[in-house]
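Engineer: You'll find final_8.pdb just under this line, and it carries PDB, C-alpha atoms and all ligand atoms.
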```pdb
ATOM      1  CA  MET A   1      14.849 -11.577   8.570
ATOM      2  CA  LYS A   2      13.999 -13.112   5.198
ATOM      3  CA  THR A   3      11.168 -10.912   3.903
ATOM      4  CA  LEU A   4       8.843 -11.146   0.921
ATOM      5  CA  ILE A   5       7.391  -7.837  -0.287
ATOM      6  CA  ILE A   6       4.521  -8.021  -2.774
ATOM      7  CA  TYR A   7       3.076  -4.844  -4.231
ATOM      8  CA  SER A   8       0.777  -3.421  -6.863
ATOM      9  CA  SER A   9       1.508  -0.046  -8.401
ATOM     10  CA  LYS A  10      -0.069   1.819 -11.315
ATOM     11  CA  THR A  11       1.974   5.007 -11.435
ATOM     12  CA  GLY A  12       5.083   3.908  -9.560
ATOM     13  CA  THR A  13       4.628   5.236  -6.020
ATOM     14  CA  THR A  14       3.755   1.929  -4.326
ATOM     15  CA  LYS A  15       6.693   0.342  -6.137
ATOM     16  CA  LYS A  16       8.971   3.130  -4.873
ATOM     17  CA  CYS A  17       7.640   2.681  -1.313
ATOM     18  CA  ALA A  18       8.163  -1.092  -1.497
ATOM     19  CA  ALA A  19      11.817  -0.476  -2.445
ATOM     20  CA  LEU A  20      12.229   2.102   0.354
ATOM     21  CA  LEU A  21      10.757  -0.399   2.819
ATOM     22  CA  ALA A  22      13.172  -3.077   1.597
ATOM     23  CA  ALA A  23      16.052  -0.641   2.129
ATOM     24  CA  ASN A  24      14.813  -0.008   5.691
ATOM     25  CA  ILE A  25      14.406  -3.693   6.514
ATOM     26  CA  GLY A  26      17.728  -4.588   4.905
ATOM     27  CA  ALA A  27      17.613  -4.972   1.134
ATOM     28  CA  ASP A  28      19.766  -8.129   1.190
ATOM     29  CA  SER A  29      17.098 -10.055   3.052
ATOM     30  CA  CYS A  30      14.123  -8.792   0.992
ATOM     31  CA  ASP A  31      12.611 -10.201  -2.190
ATOM     32  CA  LEU A  32      10.313  -7.811  -4.064
ATOM     33  CA  PHE A  33       7.574  -8.984  -6.409
ATOM     34  CA  GLU A  34       4.848  -7.208  -8.327
ATOM     35  CA  ILE A  35       1.447  -8.877  -7.746
ATOM     36  CA  THR A  36       1.320  -9.937 -11.416
ATOM     37  CA  GLU A  37       4.602 -11.874 -11.132
ATOM     38  CA  ASN A  38       5.149 -15.487 -10.176
ATOM     39  CA  ILE A  39       5.137 -15.114  -6.400
ATOM     40  CA  PRO A  40       7.197 -17.584  -4.359
ATOM     41  CA  GLU A  41       5.911 -19.704  -1.468
ATOM     42  CA  ILE A  42       5.018 -17.578   1.565
ATOM     43  CA  SER A  43       6.244 -20.377   3.845
ATOM     44  CA  ASP A  44       9.809 -19.787   2.607
ATOM     45  CA  TYR A  45       9.797 -16.407   4.380
ATOM     46  CA  GLU A  46       9.899 -15.246   8.006
ATOM     47  CA  CYS A  47       7.991 -12.086   7.166
ATOM     48  CA  VAL A  48       5.605 -11.021   4.387
ATOM     49  CA  VAL A  49       4.531  -7.495   3.377
ATOM     50  CA  VAL A  50       1.736  -6.721   0.929
ATOM     51  CA  GLY A  51       1.148  -3.206  -0.423
ATOM     52  CA  SER A  52      -1.254  -1.609  -2.869
ATOM     53  CA  TYR A  53      -2.291   1.731  -4.291
ATOM     54  CA  VAL A  54      -5.814   2.980  -3.506
ATOM     55  CA  ARG A  55      -8.104   4.176  -6.288
ATOM     56  CA  MET A  56     -11.719   5.231  -5.756
ATOM     57  CA  GLY A  57     -11.313   4.048  -2.166
ATOM     58  CA  VAL A  58     -10.234   0.512  -3.027
ATOM     59  CA  ILE A  59      -6.976  -1.391  -3.309
ATOM     60  CA  ASP A  60      -6.072  -3.440  -6.384
ATOM     61  CA  LYS A  61      -8.478  -6.383  -6.584
ATOM     62  CA  LYS A  62      -5.560  -8.679  -7.449
ATOM     63  CA  VAL A  63      -4.098  -7.802  -4.050
ATOM     64  CA  SER A  64      -7.435  -8.452  -2.257
ATOM     65  CA  ALA A  65      -7.698 -11.803  -4.028
ATOM     66  CA  PHE A  66      -4.115 -12.689  -3.070
ATOM     67  CA  LEU A  67      -4.781 -11.830   0.587
ATOM     68  CA  GLU A  68      -7.962 -13.885   0.671
ATOM     69  CA  LYS A  69      -6.329 -16.856  -1.026
ATOM     70  CA  HIS A  70      -3.290 -16.891   1.261
ATOM     71  CA  LYS A  71      -4.824 -15.707   4.519
ATOM     72  CA  ALA A  72      -4.410 -18.989   6.421
ATOM     73  CA  GLN A  73      -0.672 -19.016   5.637
ATOM     74  CA  LEU A  74      -0.322 -15.294   6.282
ATOM     75  CA  PHE A  75      -1.966 -15.602   9.695
ATOM     76  CA  GLU A  76       0.743 -18.086  10.681
ATOM     77  CA  THR A  77       3.499 -15.709   9.533
ATOM     78  CA  LYS A  78       4.580 -12.277  10.625
ATOM     79  CA  PHE A  79       3.028  -9.930   8.082
ATOM     80  CA  GLY A  80       2.324  -6.255   7.428
ATOM     81  CA  LEU A  81       0.058  -4.421   5.002
ATOM     82  CA  PHE A  82       0.469  -0.974   3.508
ATOM     83  CA  ILE A  83      -1.420   1.296   1.176
ATOM     84  CA  CYS A  84      -0.388   4.282  -0.914
ATOM     85  CA  SER A  85      -3.081   6.929  -1.098
ATOM     86  CA  CYS A  86      -3.418  10.696  -1.349
ATOM     87  CA  LEU A  87      -6.493  11.430   0.762
ATOM     88  CA  SER A  88      -4.796  11.851   4.114
ATOM     89  CA  ASP A  89      -8.109  12.287   6.031
ATOM     90  CA  LYS A  90      -9.473   9.029   4.621
ATOM     91  CA  VAL A  91      -6.621   6.683   5.533
ATOM     92  CA  SER A  92      -8.440   4.874   8.347
ATOM     93  CA  ASP A  93     -11.592   4.580   6.164
ATOM     94  CA  ALA A  94      -9.482   3.078   3.369
ATOM     95  CA  ILE A  95      -7.836   0.622   5.770
ATOM     96  CA  THR A  96     -11.096  -0.588   7.355
ATOM     97  CA  LYS A  97     -12.812  -0.793   3.972
ATOM     98  CA  ASN A  98     -10.073  -2.867   2.341
ATOM     99  CA  PHE A  99      -8.798  -5.076   5.174
ATOM    100  CA  SER A 100     -11.255  -7.162   7.157
ATOM    101  CA  GLU A 101     -11.157  -7.450  10.940
ATOM    102  CA  GLU A 102      -9.301 -10.748  10.842
ATOM    103  CA  PHE A 103      -6.470  -9.067   8.902
ATOM    104  CA  MET A 104      -6.471  -6.200  11.424
ATOM    105  CA  ASP A 105      -6.201  -8.762  14.253
ATOM    106  CA  HIS A 106      -3.372 -10.769  12.716
ATOM    107  CA  ALA A 107      -1.223  -8.104  11.030
ATOM    108  CA  ALA A 108       1.866  -6.861  12.865
ATOM    109  CA  ILE A 109       1.202  -3.451  11.309
ATOM    110  CA  ILE A 110      -1.104  -1.829   8.741
ATOM    111  CA  ASP A 111      -0.240   1.674   7.564
ATOM    112  CA  CYS A 112      -0.309   4.219   4.752
ATOM    113  CA  PHE A 113       2.945   5.460   3.213
ATOM    114  CA  GLY A 114       1.357   8.528   1.587
ATOM    115  CA  GLY A 115       0.916   8.947  -2.138
ATOM    116  CA  GLU A 116       1.823  10.945  -5.210
ATOM    117  CA  LEU A 117      -0.006  12.126  -8.314
ATOM    118  CA  PRO A 118       2.655  12.158 -11.054
ATOM    119  CA  LYS A 119       1.161  14.337 -13.797
ATOM    120  CA  ASP A 120       3.117  12.653 -16.600
ATOM    121  CA  LYS A 121       1.726   9.212 -15.667
ATOM    122  CA  ILE A 122      -1.942  10.040 -15.083
ATOM    123  CA  LYS A 123      -3.849  10.349 -18.323
ATOM    124  CA  GLY A 124      -7.351  10.262 -19.846
ATOM    125  CA  MET A 125     -10.207   9.286 -17.532
ATOM    126  CA  ASP A 126      -7.832   8.961 -14.557
ATOM    127  CA  LYS A 127      -6.779  12.585 -15.031
ATOM    128  CA  LEU A 128     -10.431  13.699 -14.993
ATOM    129  CA  ILE A 129     -11.026  11.731 -11.763
ATOM    130  CA  VAL A 130      -7.950  13.246 -10.095
ATOM    131  CA  ASN A 131      -8.956  16.746 -11.182
ATOM    132  CA  SER A 132     -12.404  16.283  -9.673
ATOM    133  CA  ILE A 133     -10.907  14.931  -6.419
ATOM    134  CA  ILE A 134      -8.644  18.021  -6.255
ATOM    135  CA  LYS A 135     -11.648  20.266  -6.952
ATOM    136  CA  ILE A 136     -13.699  18.664  -4.147
ATOM    137  CA  ALA A 137     -10.724  19.024  -1.772
ATOM    138  CA  LYS A 138     -10.711  22.785  -2.382
ATOM    139  CA  THR A 139     -14.188  23.177  -0.860
ATOM    140  CA  ASP A 140     -14.564  20.168   1.464
ATOM    141  CA  PRO A 141     -12.399  20.478   4.604
ATOM    142  CA  THR A 142     -12.638  16.695   5.220
ATOM    143  CA  PHE A 143     -10.907  16.043   1.889
ATOM    144  CA  THR A 144      -7.194  16.813   2.006
ATOM    145  CA  VAL A 145      -5.099  15.793  -0.972
ATOM    146  CA  SER A 146      -1.538  15.123   0.115
ATOM    147  CA  GLU A 147       0.998  14.420  -2.617
ATOM    148  CA  LYS A 148       3.948  13.066  -0.731
ATOM    149  CA  ILE A 149       5.498   9.860   0.519
ATOM    150  CA  VAL A 150       5.853   9.806   4.328
ATOM    151  CA  PRO A 151       9.338   8.332   4.997
ATOM    152  CA  GLU A 152       8.739   8.181   8.789
ATOM    153  CA  SER A 153       5.823   5.776   8.217
ATOM    154  CA  ILE A 154       8.094   3.498   6.189
ATOM    155  CA  THR A 155      10.859   3.620   8.828
ATOM    156  CA  ASN A 156       8.361   2.905  11.600
ATOM    157  CA  PHE A 157       6.820   0.018   9.609
ATOM    158  CA  ALA A 158      10.248  -1.586   9.187
ATOM    159  CA  THR A 159      11.046  -1.083  12.884
ATOM    160  CA  VAL A 160       7.789  -2.757  13.985
ATOM    161  CA  LEU A 161       8.410  -5.740  11.708
ATOM    162  CA  LYS A 162      11.971  -6.140  12.945
ATOM    163  CA  GLU A 163      10.899  -5.864  16.601
ATOM    164  CA  GLU A 164       7.945  -8.284  16.529
TER     165      GLU A 164
HETATM  166  C1  LIG B   1      -7.820   7.652 -10.825
HETATM  167  C2  LIG B   1      -7.266   7.800  -9.435
HETATM  168  C3  LIG B   1      -8.097   7.592  -8.343
HETATM  169  C4  LIG B   1      -7.592   7.736  -7.052
HETATM  170  N1  LIG B   1      -8.421   7.526  -5.994
HETATM  171  C5  LIG B   1      -7.940   7.675  -4.739
HETATM  172  C6  LIG B   1      -8.794   7.469  -3.610
HETATM  173  O1  LIG B   1      -9.946   7.091  -3.720
HETATM  174  N2  LIG B   1      -8.259   7.674  -2.385
HETATM  175  C7  LIG B   1      -6.977   8.056  -2.187
HETATM  176  O2  LIG B   1      -6.566   8.260  -1.032
HETATM  177  N3  LIG B   1      -6.128   8.249  -3.234
HETATM  178  C8  LIG B   1      -6.586   8.062  -4.489
HETATM  179  N4  LIG B   1      -5.752   8.227  -5.559
HETATM  180  C9  LIG B   1      -4.350   8.568  -5.322
HETATM  181  C10 LIG B   1      -3.469   7.324  -5.394
HETATM  182  O3  LIG B   1      -3.722   6.462  -4.320
HETATM  183  C11 LIG B   1      -2.007   7.758  -5.423
HETATM  184  O4  LIG B   1      -1.772   8.398  -6.663
HETATM  185  C12 LIG B   1      -1.023   6.620  -5.202
HETATM  186  O5  LIG B   1       0.255   7.164  -4.943
HETATM  187  C13 LIG B   1      -0.984   5.697  -6.411
HETATM  188  O6  LIG B   1      -0.027   4.695  -6.242
HETATM  189  P1  LIG B   1       0.733   4.055  -7.502
HETATM  190  O7  LIG B   1       1.617   5.140  -8.076
HETATM  191  O8  LIG B   1       1.521   2.959  -6.912
HETATM  192  O9  LIG B   1      -0.298   3.586  -8.479
HETATM  193  C14 LIG B   1      -6.235   8.097  -6.860
HETATM  194  C15 LIG B   1      -5.400   8.293  -7.971
HETATM  195  C16 LIG B   1      -5.903   8.130  -9.246
HETATM  196  C17 LIG B   1      -4.983   8.345 -10.413
END
```
Output the file's structure as structure tokens, nothing else.
Ligand SMILES: Cc1cc2nc3c(=O)[nH]c(=O)nc-3n(C[C@H](O)[C@H](O)[C@H](O)COP(=O)(O)O)c2cc1C
Structural biologist:
Amino acid sequence: MKTLIIYSSKTGTTKKCAALLAANIGADSCDLFEITENIPEISDYECVVVGSYVRMGVIDKKVSAFLEKHKAQLFETKFGLFICSCLSDKVSDAITKNFSEEFMDHAAIIDCFGGELPKDKIKGMDKLIVNSIIKIAKTDPTFTVSEKIVPESITNFATVLKEE
């Protein structure tokens, strides 16, 4: 199944997940592109996957713009969407906030692959934001910070795409 995987990653986790997904689908049949690259024609592929990190509840606006621009083509193709995020209690909020109902209706699968907070890559203002998120999580039981990729979600995502 010739698959196009497009992703946006700031600190490397979404990129890592995109590569793990490609390995699960069958790396030989997958082309991986960062959202900032020259992305090939969607119509050349049997399946398209788009993934983004979540920050302050939202995905990369370049990814949102790409989805909006290509939605007619995507809706005629088998496609899946994934996010990487660390607030495990807020996954469904993040999905409904970032992907409109028409994407929910047309996507073969939409899921979260977990997230990481690599200390060496998060600096300055971002570090302050992460520290305050971690602080809130310590007192608010509806705020769980989970710093791990969930391999089963990636395996399941690949299985659904291959089955459809
Ligand atoms: C400044 C900042 C804000 C973040 N905001 C959120 C958030 O609102 N919700 C969430 O679930 N995760 C949040 N995260 C966690 C990221 O989604 C997580 O680090 C993810 O793995 C990043 O993917 P990337 O390495 O591909 O950039 C935030 C991380 C940073 C550094």
Engineer: Which one is closest to Asp28 in chain A: A:Lys119, A:Lys16, A:Lys2, A:Lys10? Count only C-alpha atoms.
Structural biologist: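 Ranking A:Lys119, A:Lys16, A:Lys2, A:Lys10 by distance to Asp28 in chain A, first place goes to A:Lys2.
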Engineer: Just to confirm, what's the straight-line distance from CA of Ala18 in chain A to CA of Ser153 in chain A in Å (one decimal)?
Structural biologist: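 Interatomic distance here is 12.1 Å.
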Engineer: Choose the residue, out of A:Thr3, A:Gln73, A:Ser8, A:Ser64, that has the smallest atom-to-atom separation from Ala158 in chain A; count only C-alpha atoms.
Structural biologist: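 Answer, going by the shortest atom-to-atom distance: A:Thr3.
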Engineer: Using 5 Å of padding on each side, determine the axis-aligned box around all atoms of range 5-21 of chain A present in the file and give its centre and edge lengths in Å to one decimal, as lines of an AutoDock Vina configuration file.
Structural biologist:
```
center_x = 6.1
center_y = -1.4
center_z = -4.3
size_x = 22.3
size_y = 23.3
size_z = 24.3
```
Engineer: Closest to Phe103 in chain A among A:Ile133, A:Val160, A:Lys71, A:Gly124, using only C-alpha atoms?
Structural biologist: A:Lys71
Engineer: Go through the shown structure with the PyMOL selection byres (((not hetatm)) within 6 of (chain B and resi 1)) and write out the matching residues as a list in words.
Structural biologist: Ser9, Lys10, Thr11, Gly12, Thr13, Thr14, Lys15, Tyr53, Val54, Arg55, Met56, Gly57, Cys84, Ser85, Cys86, Leu87, Gly115, Glu116, Leu117, Ile122, Asp126, Ile129 and Val130 of chain A
Engineer: Do you know which residues are at most 9 Å from range 65-70 of chain A counting only C-alpha atoms, after dropping those on the same chain fewer than 2 positions away, and could you put them as a PyMOL selection string?
Structural biologist: chain A and resi 35+42+50+60-63+72-75+103
Engineer: What is the CA of Ser52 in chain A-CA of Phe82 in chain A distance in Å, reported with one decimal?
Structural biologist: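 For CA of Ser52 in chain A relative to CA of Phe82 in chain A, the distance reads 6.6 Å.
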Engineer: Residues at most 7 Å from range 107-111 of chain A, counting all atoms listed in the file, excluding those fewer than 4 positions away in the same chain, as a list in words?
Structural biologist: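 Final neighbour list, sorted by chain and number: Lys78, Phe79, Gly80, Leu81, Phe82, Ile83, Phe103, Phe157 and Leu161 of chain A.
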Engineer: Apply the PyMOL selection byres (((chain A and resi 24) around 12) and not hetatm) to the file shown and report the selected residues as number ranges by chain.
Structural biologist: A: 1, 3, 17-23, 25-30, 151-162
Engineer: In Å to one decimal, how far is CA of Gly51 in chain A from CA of Glu34 in chain A?
Structural biologist: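 It comes out at 9.6 Å.
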Engineer: Expand the PyMOL selection byres (((chain A and resi 142) around 12) and not hetatm) into the explicit residue set it covers here, and present it as a VMD selection string.
Structural biologist: chain A and resid 87 to 91 133 136 to 141 143 to 145
Engineer: When you count all atoms listed in the file, which of these residues is closest to Met104 in chain A: A:Ser132, A:Ser92, A:Ser43, A:Ile149?
Structural biologist: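 For Met104 in chain A, the nearest of the candidates is A:Ser92.
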Engineer: Nearest to Tyr7 in chain A: which of A:Val49, A:Asp105, A:Glu41, A:Lys127 is it, counting all atoms listed in the file?
Structural biologist: A:Val49
Engineer: Using all atoms listed in the file for the distances, tell me which of A:Asp120, A:Ile59, A:Glu46, A:Glu101 is nearest to Glu76 in chain A.
Structural biologist: A:Glu46
